[in-house]
$ cat model35.cif   # mmCIF, C-alpha atoms
data_entry
#
loop_
_atom_site.label_atom_id
_atom_site.label_comp_id
_atom_site.auth_asym_id
_atom_site.auth_seq_id
_atom_site.Cartn_x
_atom_site.Cartn_y
_atom_site.Cartn_z
CA MET A 1 -19.57 2.02 30.29
CA ILE A 2 -18.15 -1.28 29.16
CA THR A 3 -15.18 0.21 27.36
CA ARG A 4 -11.93 -1.12 28.80
CA VAL A 5 -8.65 0.76 29.11
CA PRO A 6 -5.92 -1.54 27.73
CA PRO A 7 -2.93 -2.27 29.99
CA LEU A 8 0.03 0.11 30.02
CA ARG A 9 2.29 -2.12 27.89
CA TYR A 10 -0.22 -2.07 25.00
CA ARG A 11 -0.66 1.68 25.33
CA PHE A 12 3.12 2.12 25.29
CA VAL A 13 3.53 0.13 22.05
CA ALA A 14 0.48 1.89 20.61
CA GLY A 15 2.13 5.22 21.43
CA ILE A 16 5.07 4.28 19.20
CA PHE A 17 2.78 3.29 16.33
CA ASN A 18 0.68 6.40 16.83
CA ALA A 19 3.76 8.60 16.65
CA MET A 20 4.70 6.91 13.37
CA SER A 21 1.15 7.37 12.09
CA TRP A 22 1.19 11.04 13.05
CA VAL A 23 4.39 11.60 11.08
CA ALA A 24 3.30 9.52 8.07
CA ASN A 25 -0.42 10.26 7.92
CA GLY A 26 -1.11 13.32 10.03
CA TYR A 27 -3.36 11.63 12.57
CA THR A 28 -3.39 9.05 15.34
CA ALA A 29 -6.10 6.48 15.97
CA PRO A 30 -7.48 6.23 19.53
CA PHE A 31 -8.04 2.48 19.22
CA THR A 32 -4.49 1.33 18.34
CA SER A 33 -3.83 -0.11 21.81
CA GLU A 34 -7.06 -2.12 21.64
CA LEU A 35 -6.04 -3.53 18.24
CA ILE A 36 -2.66 -4.56 19.70
CA ARG A 37 -4.30 -6.07 22.79
CA SER A 38 -6.67 -8.08 20.60
CA TYR A 39 -4.46 -9.18 17.72
CA GLY A 40 -0.85 -8.59 18.81
CA VAL A 41 1.55 -6.25 17.05
CA ARG A 42 1.81 -8.42 13.93
CA GLY A 43 -1.94 -8.94 13.69
CA MET A 44 -2.58 -5.23 14.18
CA ALA A 45 -0.04 -4.43 11.45
CA GLU A 46 -1.64 -6.95 9.05
CA ARG A 47 -5.08 -5.53 9.61
CA THR A 48 -4.15 -1.88 9.37
CA THR A 49 -2.08 -2.59 6.25
CA ALA A 50 -5.11 -4.23 4.62
CA ILE A 51 -7.34 -1.31 5.62
CA VAL A 52 -4.84 1.29 4.33
CA GLU A 53 -4.53 -0.57 1.02
CA LEU A 54 -8.29 -0.84 0.68
CA ALA A 55 -8.75 2.85 1.53
CA ALA A 56 -6.20 3.83 -1.12
CA LEU A 57 -7.98 1.73 -3.76
CA VAL A 58 -11.39 3.13 -2.83
CA GLU A 59 -10.04 6.67 -2.87
CA ALA A 60 -8.42 6.08 -6.29
CA GLU A 61 -11.75 4.77 -7.57
CA LEU A 62 -14.12 7.36 -6.12
CA GLY A 63 -11.94 10.35 -5.39
CA GLU A 64 -10.84 11.67 -2.01
CA ARG A 65 -14.21 12.99 -0.85
CA ASP A 66 -16.41 10.07 -1.86
CA GLY A 67 -13.81 7.46 -0.92
CA HIS A 68 -13.74 8.68 2.67
CA MET A 69 -17.52 9.02 2.72
CA LEU A 70 -18.02 5.39 1.67
CA LEU A 71 -15.56 4.13 4.29
CA GLY A 72 -17.34 6.27 6.86
CA PHE A 73 -20.75 4.85 6.08
CA ALA A 74 -19.48 1.26 6.31
CA SER A 75 -18.62 2.07 9.93
CA LEU A 76 -21.66 4.22 10.60
CA TRP A 77 -24.14 1.35 10.27
CA ASN A 78 -21.98 -0.62 12.73
CA GLY A 79 -22.27 2.21 15.23
CA CYS A 80 -18.55 3.07 15.33
CA ALA A 81 -18.60 6.83 15.78
CA VAL A 82 -14.85 7.40 15.73
CA CYS A 83 -14.36 5.62 12.38
CA ALA A 84 -17.59 6.82 10.76
CA LEU A 85 -17.25 10.46 11.72
CA GLY A 86 -13.48 10.44 11.17
CA HIS A 87 -13.84 9.40 7.54
CA ILE A 88 -16.91 11.56 6.88
CA TYR A 89 -15.09 14.55 8.41
CA ALA A 90 -12.11 13.81 6.12
CA GLY A 91 -14.46 13.71 3.13
CA ASN A 92 -16.05 16.98 4.19
CA LEU A 93 -12.65 18.66 4.56
CA ALA A 94 -11.68 17.51 1.05
CA HIS A 95 -14.95 18.88 -0.33
CA PHE A 96 -14.51 22.20 1.48
CA ARG A 97 -10.91 22.53 0.27
CA ASP A 98 -11.84 21.75 -3.36
CA GLN A 99 -15.21 23.50 -3.65
CA GLY A 100 -14.92 26.27 -1.08
CA ALA A 101 -18.36 25.25 0.16
CA LEU A 102 -19.83 22.92 2.74
CA LEU A 103 -21.45 19.61 1.97
CA PRO A 104 -24.80 19.52 3.83
CA LEU A 105 -23.83 16.17 5.34
CA ASP A 106 -22.60 17.46 8.72
CA GLU A 107 -20.54 15.03 10.82
CA ARG A 108 -21.70 16.74 14.07
CA GLU A 109 -25.33 16.23 13.06
CA LEU A 110 -24.54 12.63 12.13
CA SER A 111 -22.92 12.17 15.54
CA ARG A 112 -26.10 13.37 17.21
CA ARG A 113 -28.27 11.20 14.99
CA MET A 114 -26.14 8.10 15.60
CA ARG A 115 -27.24 8.30 19.23
CA HIS A 116 -30.95 8.36 18.46
CA ASP A 117 -31.88 7.42 14.90
CA SER A 118 -32.72 4.08 13.38
CA ASP A 119 -30.89 2.87 10.27
CA ALA A 120 -33.79 4.00 8.10
CA GLU A 121 -33.94 7.47 9.70
CA LEU A 122 -30.21 7.92 9.16
CA LEU A 123 -30.53 6.94 5.52
CA GLU A 124 -33.36 9.47 5.09
CA TYR A 125 -31.07 12.21 6.46
CA VAL A 126 -28.30 11.18 4.09
CA GLU A 127 -30.69 11.19 1.12
CA ARG A 128 -31.87 14.70 2.04
CA SER A 129 -28.25 15.87 2.36
CA LEU A 130 -26.78 14.42 -0.84
CA THR A 131 -28.78 16.13 -3.56
CA GLY A 132 -25.99 17.92 -5.44
CA PRO A 133 -25.10 17.21 -9.07
CA ASN A 134 -21.95 15.36 -8.05
CA ASP A 135 -23.55 13.32 -5.28
CA ALA A 136 -25.48 10.73 -7.31
CA ARG A 137 -22.76 8.08 -7.51
CA LEU A 138 -21.95 8.33 -3.81
CA LEU A 139 -25.61 8.23 -2.82
CA GLY A 140 -26.17 5.18 -5.03
CA LEU A 141 -23.29 3.36 -3.36
CA ILE A 142 -24.49 4.31 0.14
CA ARG A 143 -28.01 3.07 -0.66
CA ARG A 144 -26.58 -0.20 -1.91
CA LEU A 145 -24.33 -0.53 1.12
CA PHE A 146 -27.37 0.10 3.30
CA ALA A 147 -29.35 -2.65 1.54
CA ILE A 148 -26.52 -5.16 1.96
CA LYS A 149 -25.96 -4.29 5.63
CA ARG A 150 -29.60 -3.82 6.54
CA GLU A 151 -31.26 -6.62 4.63
CA GLY A 152 -28.45 -8.82 3.39
CA LYS A 153 -29.67 -8.07 -0.13
CA ASP A 154 -27.77 -6.80 -3.13
CA ASP A 155 -29.07 -6.11 -6.64
CA HIS A 156 -25.55 -6.69 -8.06
CA VAL A 157 -26.07 -3.81 -10.49
CA ASP A 158 -22.71 -2.07 -10.89
CA GLU A 159 -22.64 1.51 -12.10
CA GLN A 160 -18.93 0.91 -12.69
CA PRO A 161 -17.31 -2.53 -13.05
CA GLY A 162 -15.86 -3.46 -9.69
CA ASP A 163 -18.53 -1.75 -7.56
CA SER A 164 -19.71 -5.09 -6.15
CA GLU A 165 -16.19 -6.10 -5.17
CA MET A 166 -15.49 -2.66 -3.68
CA LEU A 167 -18.63 -2.66 -1.54
CA ALA A 168 -18.13 -6.22 -0.35
CA ALA A 169 -14.50 -5.49 0.60
CA VAL A 170 -15.38 -2.27 2.43
CA ILE A 171 -18.20 -3.89 4.40
CA SER A 172 -16.15 -6.92 5.32
CA ALA A 173 -13.07 -4.92 6.35
CA TYR A 174 -14.96 -2.56 8.61
CA ASP A 175 -17.01 -5.36 10.17
CA TRP A 176 -13.88 -6.86 11.70
CA MET A 177 -12.17 -3.51 12.28
CA ASN A 178 -15.18 -2.05 14.11
CA LEU A 179 -15.29 -4.92 16.60
CA CYS A 180 -12.12 -3.41 18.04
CA THR A 181 -12.58 0.25 17.29
CA ILE A 182 -15.99 0.43 18.96
CA TYR A 183 -14.59 -1.25 22.04
CA GLY A 184 -11.71 1.18 22.25
CA GLU A 185 -13.46 4.41 21.39
CA GLY A 186 -15.04 5.30 24.75
CA ASP A 187 -18.25 7.20 25.38
CA ASP A 188 -17.28 10.49 23.81
CA PRO A 189 -14.85 9.72 21.01
CA PRO A 190 -12.74 12.55 19.59
CA LEU A 191 -13.37 13.84 16.08
CA ILE A 192 -10.25 13.01 14.08
CA ALA A 193 -10.06 13.31 10.30
CA PHE A 194 -8.58 10.00 9.12
CA SER A 195 -6.68 11.75 6.37
CA SER A 196 -3.55 13.82 5.93
CA LEU A 197 -5.94 16.80 5.92
CA ASN A 198 -6.06 16.38 9.70
CA ARG A 199 -2.61 17.99 9.69
CA SER A 200 -3.95 21.15 8.04
CA TYR A 201 -4.90 23.27 11.03
CA ARG A 202 -5.86 26.25 8.84
CA LEU A 203 -8.23 24.17 6.70
CA ARG A 204 -9.84 22.63 9.78
CA SER A 205 -10.24 26.06 11.39
CA ARG A 206 -11.83 27.59 8.28
CA TYR A 207 -14.09 24.56 7.98
CA ALA A 208 -15.13 24.78 11.65
CA ARG A 209 -15.94 28.48 11.31
CA ALA A 210 -18.02 27.84 8.19
CA ARG A 211 -19.92 25.03 9.92
CA ALA A 212 -20.50 27.15 13.02
CA ALA A 213 -21.89 29.96 10.87
CA GLY A 214 -24.32 27.55 9.21
CA ARG A 215 -25.56 25.79 12.31
CA MET B 1 -44.05 0.72 31.53
CA ALA B 2 -43.58 -2.32 33.78
CA VAL B 3 -40.64 -4.53 32.96
CA THR B 4 -42.94 -7.47 32.29
CA GLN B 5 -44.48 -5.47 29.47
CA ARG B 6 -41.07 -4.65 28.03
CA LEU B 7 -39.87 -8.21 27.75
CA SER B 8 -41.50 -11.14 26.01
CA VAL B 9 -40.17 -14.67 25.87
CA GLU B 10 -40.92 -17.67 23.70
CA THR B 11 -39.37 -21.06 24.25
CA THR B 12 -39.28 -24.19 22.14
CA ASP B 13 -37.10 -27.26 22.51
CA ALA B 14 -34.52 -25.76 20.16
CA ARG B 15 -34.86 -22.01 20.58
CA LEU B 16 -35.14 -19.31 23.18
CA THR B 17 -36.49 -16.09 21.72
CA ILE B 18 -36.47 -12.92 23.79
CA SER B 19 -37.88 -9.60 22.59
CA ALA B 20 -37.30 -6.37 24.48
CA ARG B 21 -38.68 -2.88 23.94
CA GLY B 22 -38.20 0.65 25.19
CA VAL B 23 -35.06 1.85 26.93
CA LEU B 24 -32.62 -0.84 28.02
CA ASP B 25 -32.05 0.14 31.65
CA GLY B 26 -30.79 -1.81 34.63
CA GLU B 27 -34.21 -3.22 35.44
CA LEU B 28 -34.81 -4.53 31.93
CA ALA B 29 -31.27 -5.92 31.72
CA GLU B 30 -31.79 -7.73 35.02
CA ALA B 31 -35.05 -9.23 33.76
CA LEU B 32 -33.28 -10.35 30.58
CA HIS B 33 -30.52 -11.95 32.66
CA GLU B 34 -33.03 -13.79 34.84
CA ARG B 35 -34.77 -15.25 31.79
CA LEU B 36 -31.46 -16.39 30.36
CA VAL B 37 -30.51 -18.08 33.63
CA ARG B 38 -33.87 -19.80 33.72
CA ASP B 39 -34.45 -20.71 30.07
CA LEU B 40 -31.16 -20.90 28.17
CA THR B 41 -30.44 -24.61 28.20
CA ALA B 42 -27.75 -26.63 26.47
CA SER B 43 -30.09 -27.56 23.64
CA ARG B 44 -31.42 -24.11 22.80
CA ASP B 45 -30.13 -21.45 20.44
CA LEU B 46 -30.80 -17.87 21.42
CA LEU B 47 -32.43 -15.09 19.43
CA VAL B 48 -32.64 -11.67 21.09
CA ASP B 49 -34.82 -9.20 19.23
CA LEU B 50 -33.81 -5.64 20.18
CA ARG B 51 -35.42 -3.84 17.24
CA GLU B 52 -37.76 -2.00 19.59
CA ILE B 53 -34.99 -0.95 21.97
CA THR B 54 -34.71 2.79 21.42
CA ASP B 55 -31.78 3.57 23.73
CA TYR B 56 -29.83 2.27 26.71
CA ASP B 57 -28.26 3.67 29.83
CA ASP B 58 -25.08 2.70 31.63
CA ALA B 59 -26.74 0.10 33.86
CA GLY B 60 -28.48 -1.40 30.82
CA ALA B 61 -25.22 -1.63 28.89
CA LYS B 62 -23.41 -3.31 31.78
CA GLY B 63 -26.35 -5.64 32.30
CA LEU B 64 -26.38 -6.69 28.66
CA LEU B 65 -22.66 -7.48 28.79
CA ARG B 66 -23.23 -9.54 31.93
CA SER B 67 -26.03 -11.41 30.18
CA HIS B 68 -23.91 -12.04 27.15
CA GLU B 69 -21.12 -13.41 29.35
CA LEU B 70 -23.65 -16.02 30.46
CA VAL B 71 -24.54 -16.81 26.84
CA ALA B 72 -20.87 -17.07 25.85
CA ALA B 73 -20.15 -19.36 28.80
CA LYS B 74 -22.87 -21.74 27.61
CA SER B 75 -21.28 -21.88 24.13
CA ARG B 76 -24.66 -21.51 22.50
CA ARG B 77 -25.11 -20.07 19.05
CA SER B 78 -26.92 -16.76 19.38
CA VAL B 79 -28.01 -13.75 17.40
CA TYR B 80 -29.25 -10.24 18.06
CA ILE B 81 -31.59 -8.30 15.80
CA VAL B 82 -31.08 -4.54 15.99
CA GLU B 83 -31.95 -1.59 13.83
CA ARG B 84 -30.12 1.29 15.46
CA PRO B 85 -26.39 1.93 15.09
CA ARG B 86 -26.09 2.82 18.78
CA VAL B 87 -27.57 -0.50 19.87
CA ARG B 88 -25.55 -2.37 17.23
CA ALA B 89 -22.40 -0.83 18.69
CA LEU B 90 -23.37 -2.16 22.11
CA ILE B 91 -23.69 -5.67 20.67
CA PHE B 92 -20.27 -5.31 19.02
CA LYS B 93 -18.87 -4.38 22.43
CA ALA B 94 -20.48 -7.43 24.03
CA ILE B 95 -19.08 -9.71 21.32
CA HIS B 96 -15.61 -8.24 21.56
CA GLY B 97 -15.68 -8.11 25.35
CA THR B 98 -16.54 -11.81 25.65
CA GLN B 99 -14.66 -12.92 22.51
CA ASP B 100 -17.78 -14.93 21.71
CA GLU B 101 -17.34 -16.48 18.28
CA GLN B 102 -20.86 -17.79 18.05
CA THR B 103 -22.91 -14.65 17.93
CA ARG B 104 -23.46 -11.66 15.70
CA PRO B 105 -25.77 -8.68 15.26
CA THR B 106 -28.18 -8.76 12.33
CA SER B 107 -30.86 -6.40 11.09
CA THR B 108 -33.71 -8.70 10.12
CA PRO B 109 -35.31 -11.95 11.33
CA GLU B 110 -34.37 -13.56 8.00
CA MET B 111 -30.68 -12.74 8.50
CA ALA B 112 -30.91 -13.98 12.09
CA GLU B 113 -32.44 -17.29 11.00
CA ALA B 114 -29.73 -17.74 8.38
CA TRP B 115 -27.00 -17.23 10.98
CA LEU B 116 -28.58 -19.67 13.43
CA ARG B 117 -29.10 -22.30 10.71
CA GLU B 118 -25.48 -22.25 9.59
CA PRO B 119 -23.54 -24.02 12.35
CA SER B 120 -20.37 -24.39 10.31
CA ALA B 121 -19.96 -20.68 9.65
CA PRO B 122 -16.74 -19.39 11.20
CA ALA B 123 -16.49 -16.61 13.75
CA PHE B 124 -17.72 -13.17 12.83
CA ALA B 125 -14.52 -11.14 12.94
CA ASP B 126 -12.19 -13.88 11.71
CA ALA B 127 -14.47 -14.70 8.82
CA SER B 128 -14.66 -11.07 7.90
CA LEU B 129 -10.87 -10.70 7.97
CA ASP B 130 -10.31 -13.64 5.66
CA ARG B 131 -13.11 -12.48 3.45
CA ALA B 132 -11.77 -8.93 3.40
CA ARG B 133 -8.40 -10.17 2.19
CA SER B 134 -9.86 -12.21 -0.67
CA LEU B 135 -12.31 -9.43 -1.56
CA LEU B 136 -9.47 -6.92 -1.61
CA THR B 137 -7.62 -9.15 -4.08
CA ARG B 138 -10.75 -9.44 -6.24
CA PHE B 139 -11.34 -5.69 -6.12
CA ARG B 140 -7.74 -5.01 -7.14
CA ALA B 141 -8.02 -7.53 -10.00
CA LYS B 142 -11.27 -5.99 -11.20
CA LEU B 143 -9.76 -2.51 -11.31
CA ALA B 144 -6.70 -3.85 -13.14
CA ALA B 145 -8.91 -5.65 -15.69
CA ARG B 146 -10.83 -2.45 -16.27
CA GLU B 147 -7.60 -0.53 -16.87
CA ASP B 148 -6.45 -3.15 -19.37
CA ALA B 149 -9.76 -3.35 -21.25
CA PRO B 150 -9.81 -1.78 -24.75
CA ARG B 151 -11.62 1.53 -24.77
#
$ encode --input "model35.cif" --output "structure tokens"
Amino acid sequence: MITRVPPLRYRFVAGIFNAMSWVANGYTAPFTSELIRSYGVRGMAERTTAIVELAALVEAELGERDGHMLLGFASLWNGCAVCALGHIYAGNLAHFRDQGALLPLDERELSRRMRHDSDAELLEYVERSLTGPNDARLLGLIRRLFAIKREGKDDHVDEQPGDSEMLAAVISAYDWMNLCTIYGEGDDPPLIAFSSLNRSYRLRSRYARARAAGR
Amino acid sequence: MAVTQRLSVETTDARLTISARGVLDGELAEALHERLVRDLTASRDLLVDLREITDYDDAGAKGLLRSHELVAAKSRRSVYIVERPRVRALIFKAIHGTQDEQTRPTSTPEMAEAWLREPSAPAFADASLDRARSLLTRFRAKLAAREDAPR
């Protein structure tokens, strides 16, 4: 494939940042060396700082589960599997921890569908999966995100003040981020929860067993 | 299906439009490259419609990158129309791999036309970074205003 392995010096510096990320956040990103190669250490730090700040704001606004889901879908339409599935997996872990049940939106199924489905077919799957009483706000935001990404159209109708700004910021941030992350992710990207929940081996194991039982 | 049936080309003085369908394999990518070599002149923008591309293989992906290197070398404004995340990701890879600041993936012909008509628009990723920063500030301000509003 056309994915390039960054030179050793970038991977070495990325290793240091990844170690820091593991300690601070509980996960490492497989595209750090590509970010450094593209933007330099300072540029990489500026971009990841902006993304982390945005993610915190979105999570504060929507809650842990829906915040990660929205970030995941901004990447999903761009085709970045590692970012999309990483955030959707994090959202699913938060839901499983809090509710003791699985959300029907399965990141493994989404991974499969990202290889074959059109944008519209993916949205249909999401609409079929998000039918719970607490899913309406998230589904509304995903539909709106889809319309902006797919058609460049927005109805500018905010369910909560600030929704327009939140969606625009999320889309914009992941458009530039995904240019790098897609390039660095390889053909078979690992599934990493982009959340401190990635550190919780017991939660991930229970979640994996529950998913396996349902598949 | 023969490659000639999977690729259609329209040329005007100002625009080269190429539409491809089916699976993007090495043969189709080679045909695309040949048309670019032949028809992409200094005065033409490029629109590549890949909405009917359903998948690609390794040779097709490499071929598309090779073709886009040609486009980037000509410094022509270009746009791709795609409607599958997997194909969109391939375009992202081509853009990043060539560091071409004059192209982007879109989802509709209308969005593609808008991009081609707007010669002063800055590069895709850089524009998005600047925009993300200002939008982040606006988002933060909106949340703060909501917190401060009387209930």
$ resolve_selection --input "model35.cif" --expression "the PyMOL selection byres ((chain B) within 10 of (chain A))" --output "MDAnalysis selection string"
chainID B and resid 51 54:65 82:97 99 105:111 124:146
$ write_last_selection --input "model35.cif" --atoms "C-alpha atoms" --output "PDB file, keeping the file's coordinate frame"
ATOM      1  CA  ARG B  51     -35.420  -3.840  17.240  1.00  0.00           C
ATOM      2  CA  THR B  54     -34.710   2.790  21.420  1.00  0.00           C
ATOM      3  CA  ASP B  55     -31.780   3.570  23.730  1.00  0.00           C
ATOM      4  CA  TYR B  56     -29.830   2.270  26.710  1.00  0.00           C
ATOM      5  CA  ASP B  57     -28.260   3.670  29.830  1.00  0.00           C
ATOM      6  CA  ASP B  58     -25.080   2.700  31.630  1.00  0.00           C
ATOM      7  CA  ALA B  59     -26.740   0.100  33.860  1.00  0.00           C
ATOM      8  CA  GLY B  60     -28.480  -1.400  30.820  1.00  0.00           C
ATOM      9  CA  ALA B  61     -25.220  -1.630  28.890  1.00  0.00           C
ATOM     10  CA  LYS B  62     -23.410  -3.310  31.780  1.00  0.00           C
ATOM     11  CA  GLY B  63     -26.350  -5.640  32.300  1.00  0.00           C
ATOM     12  CA  LEU B  64     -26.380  -6.690  28.660  1.00  0.00           C
ATOM     13  CA  LEU B  65     -22.660  -7.480  28.790  1.00  0.00           C
ATOM     14  CA  VAL B  82     -31.080  -4.540  15.990  1.00  0.00           C
ATOM     15  CA  GLU B  83     -31.950  -1.590  13.830  1.00  0.00           C
ATOM     16  CA  ARG B  84     -30.120   1.290  15.460  1.00  0.00           C
ATOM     17  CA  PRO B  85     -26.390   1.930  15.090  1.00  0.00           C
ATOM     18  CA  ARG B  86     -26.090   2.820  18.780  1.00  0.00           C
ATOM     19  CA  VAL B  87     -27.570  -0.500  19.870  1.00  0.00           C
ATOM     20  CA  ARG B  88     -25.550  -2.370  17.230  1.00  0.00           C
ATOM     21  CA  ALA B  89     -22.400  -0.830  18.690  1.00  0.00           C
ATOM     22  CA  LEU B  90     -23.370  -2.160  22.110  1.00  0.00           C
ATOM     23  CA  ILE B  91     -23.690  -5.670  20.670  1.00  0.00           C
ATOM     24  CA  PHE B  92     -20.270  -5.310  19.020  1.00  0.00           C
ATOM     25  CA  LYS B  93     -18.870  -4.380  22.430  1.00  0.00           C
ATOM     26  CA  ALA B  94     -20.480  -7.430  24.030  1.00  0.00           C
ATOM     27  CA  ILE B  95     -19.080  -9.710  21.320  1.00  0.00           C
ATOM     28  CA  HIS B  96     -15.610  -8.240  21.560  1.00  0.00           C
ATOM     29  CA  GLY B  97     -15.680  -8.110  25.350  1.00  0.00           C
ATOM     30  CA  GLN B  99     -14.660 -12.920  22.510  1.00  0.00           C
ATOM     31  CA  PRO B 105     -25.770  -8.680  15.260  1.00  0.00           C
ATOM     32  CA  THR B 106     -28.180  -8.760  12.330  1.00  0.00           C
ATOM     33  CA  SER B 107     -30.860  -6.400  11.090  1.00  0.00           C
ATOM     34  CA  THR B 108     -33.710  -8.700  10.120  1.00  0.00           C
ATOM     35  CA  PRO B 109     -35.310 -11.950  11.330  1.00  0.00           C
ATOM     36  CA  GLU B 110     -34.370 -13.560   8.000  1.00  0.00           C
ATOM     37  CA  MET B 111     -30.680 -12.740   8.500  1.00  0.00           C
ATOM     38  CA  PHE B 124     -17.720 -13.170  12.830  1.00  0.00           C
ATOM     39  CA  ALA B 125     -14.520 -11.140  12.940  1.00  0.00           C
ATOM     40  CA  ASP B 126     -12.190 -13.880  11.710  1.00  0.00           C
ATOM     41  CA  ALA B 127     -14.470 -14.700   8.820  1.00  0.00           C
ATOM     42  CA  SER B 128     -14.660 -11.070   7.900  1.00  0.00           C
ATOM     43  CA  LEU B 129     -10.870 -10.700   7.970  1.00  0.00           C
ATOM     44  CA  ASP B 130     -10.310 -13.640   5.660  1.00  0.00           C
ATOM     45  CA  ARG B 131     -13.110 -12.480   3.450  1.00  0.00           C
ATOM     46  CA  ALA B 132     -11.770  -8.930   3.400  1.00  0.00           C
ATOM     47  CA  ARG B 133      -8.400 -10.170   2.190  1.00  0.00           C
ATOM     48  CA  SER B 134      -9.860 -12.210  -0.670  1.00  0.00           C
ATOM     49  CA  LEU B 135     -12.310  -9.430  -1.560  1.00  0.00           C
ATOM     50  CA  LEU B 136      -9.470  -6.920  -1.610  1.00  0.00           C
ATOM     51  CA  THR B 137      -7.620  -9.150  -4.080  1.00  0.00           C
ATOM     52  CA  ARG B 138     -10.750  -9.440  -6.240  1.00  0.00           C
ATOM     53  CA  PHE B 139     -11.340  -5.690  -6.120  1.00  0.00           C
ATOM     54  CA  ARG B 140      -7.740  -5.010  -7.140  1.00  0.00           C
ATOM     55  CA  ALA B 141      -8.020  -7.530 -10.000  1.00  0.00           C
ATOM     56  CA  LYS B 142     -11.270  -5.990 -11.200  1.00  0.00           C
ATOM     57  CA  LEU B 143      -9.760  -2.510 -11.310  1.00  0.00           C
ATOM     58  CA  ALA B 144      -6.700  -3.850 -13.140  1.00  0.00           C
ATOM     59  CA  ALA B 145      -8.910  -5.650 -15.690  1.00  0.00           C
ATOM     60  CA  ARG B 146     -10.830  -2.450 -16.270  1.00  0.00           C
TER      61      ARG B 146
END
$ resolve_selection --input "model35.cif" --expression "the PyMOL selection byres ((chain B and resi 5) around 12)" --output "PDB file with C-alpha atoms, in the frame of the given file"
ATOM      1  CA  MET B   1     -44.050   0.720  31.530  1.00  0.00           C
ATOM      2  CA  ALA B   2     -43.580  -2.320  33.780  1.00  0.00           C
ATOM      3  CA  VAL B   3     -40.640  -4.530  32.960  1.00  0.00           C
ATOM      4  CA  THR B   4     -42.940  -7.470  32.290  1.00  0.00           C
ATOM      5  CA  ARG B   6     -41.070  -4.650  28.030  1.00  0.00           C
ATOM      6  CA  LEU B   7     -39.870  -8.210  27.750  1.00  0.00           C
ATOM      7  CA  SER B   8     -41.500 -11.140  26.010  1.00  0.00           C
ATOM      8  CA  VAL B   9     -40.170 -14.670  25.870  1.00  0.00           C
ATOM      9  CA  SER B  19     -37.880  -9.600  22.590  1.00  0.00           C
ATOM     10  CA  ALA B  20     -37.300  -6.370  24.480  1.00  0.00           C
ATOM     11  CA  ARG B  21     -38.680  -2.880  23.940  1.00  0.00           C
ATOM     12  CA  GLY B  22     -38.200   0.650  25.190  1.00  0.00           C
ATOM     13  CA  LEU B  28     -34.810  -4.530  31.930  1.00  0.00           C
ATOM     14  CA  ALA B  31     -35.050  -9.230  33.760  1.00  0.00           C
TER      15      ALA B  31
END
$ closest_residue --input "model35.cif" --among "A:Glu159, A:Glu59, A:Asp106, A:Asp135" --to "Ala210 of chain A" --atoms "only C-alpha atoms"
A:Asp106
$ atom_distance --input "model35.cif" --atom1 "atom CA of Arg117 of chain B" --atom2 "atom CA of Glu34 of chain B"
25.9 Å
$ residues_near_point --input "model35.cif" --point "(-25.2, -18.1, 30.3)" --cutoff "10 Å" --atoms "only C-alpha atoms" --output "list in words"
His33, Leu36, Val37, Arg38, Asp39, Leu40, Thr41, Ala42, Arg66, Ser67, His68, Glu69, Leu70, Val71, Ala72, Ala73, Lys74, Ser75 and Arg76 of chain B
$ residues_around --input "model35.cif" --residues "Leu8 of chain A" --least-positions-apart "3" --cutoff "12 Å" --atoms "only C-alpha atoms" --output "PyMOL selection string"
chain A and resi 5+11-15+33-34+36-37
$ atom_distance --input "model35.cif" --atom1 "atom CA of Asp100 of chain B" --atom2 "atom CA of Glu30 of chain B"
20.6 Å
$ resolve_selection --input "model35.cif" --expression "the PyMOL selection byres ((chain A and resi 102) around 9)" --output "VMD selection string"
chain A and resid 92 to 93 95 to 96 99 to 101 103 to 106 207 210 to 211
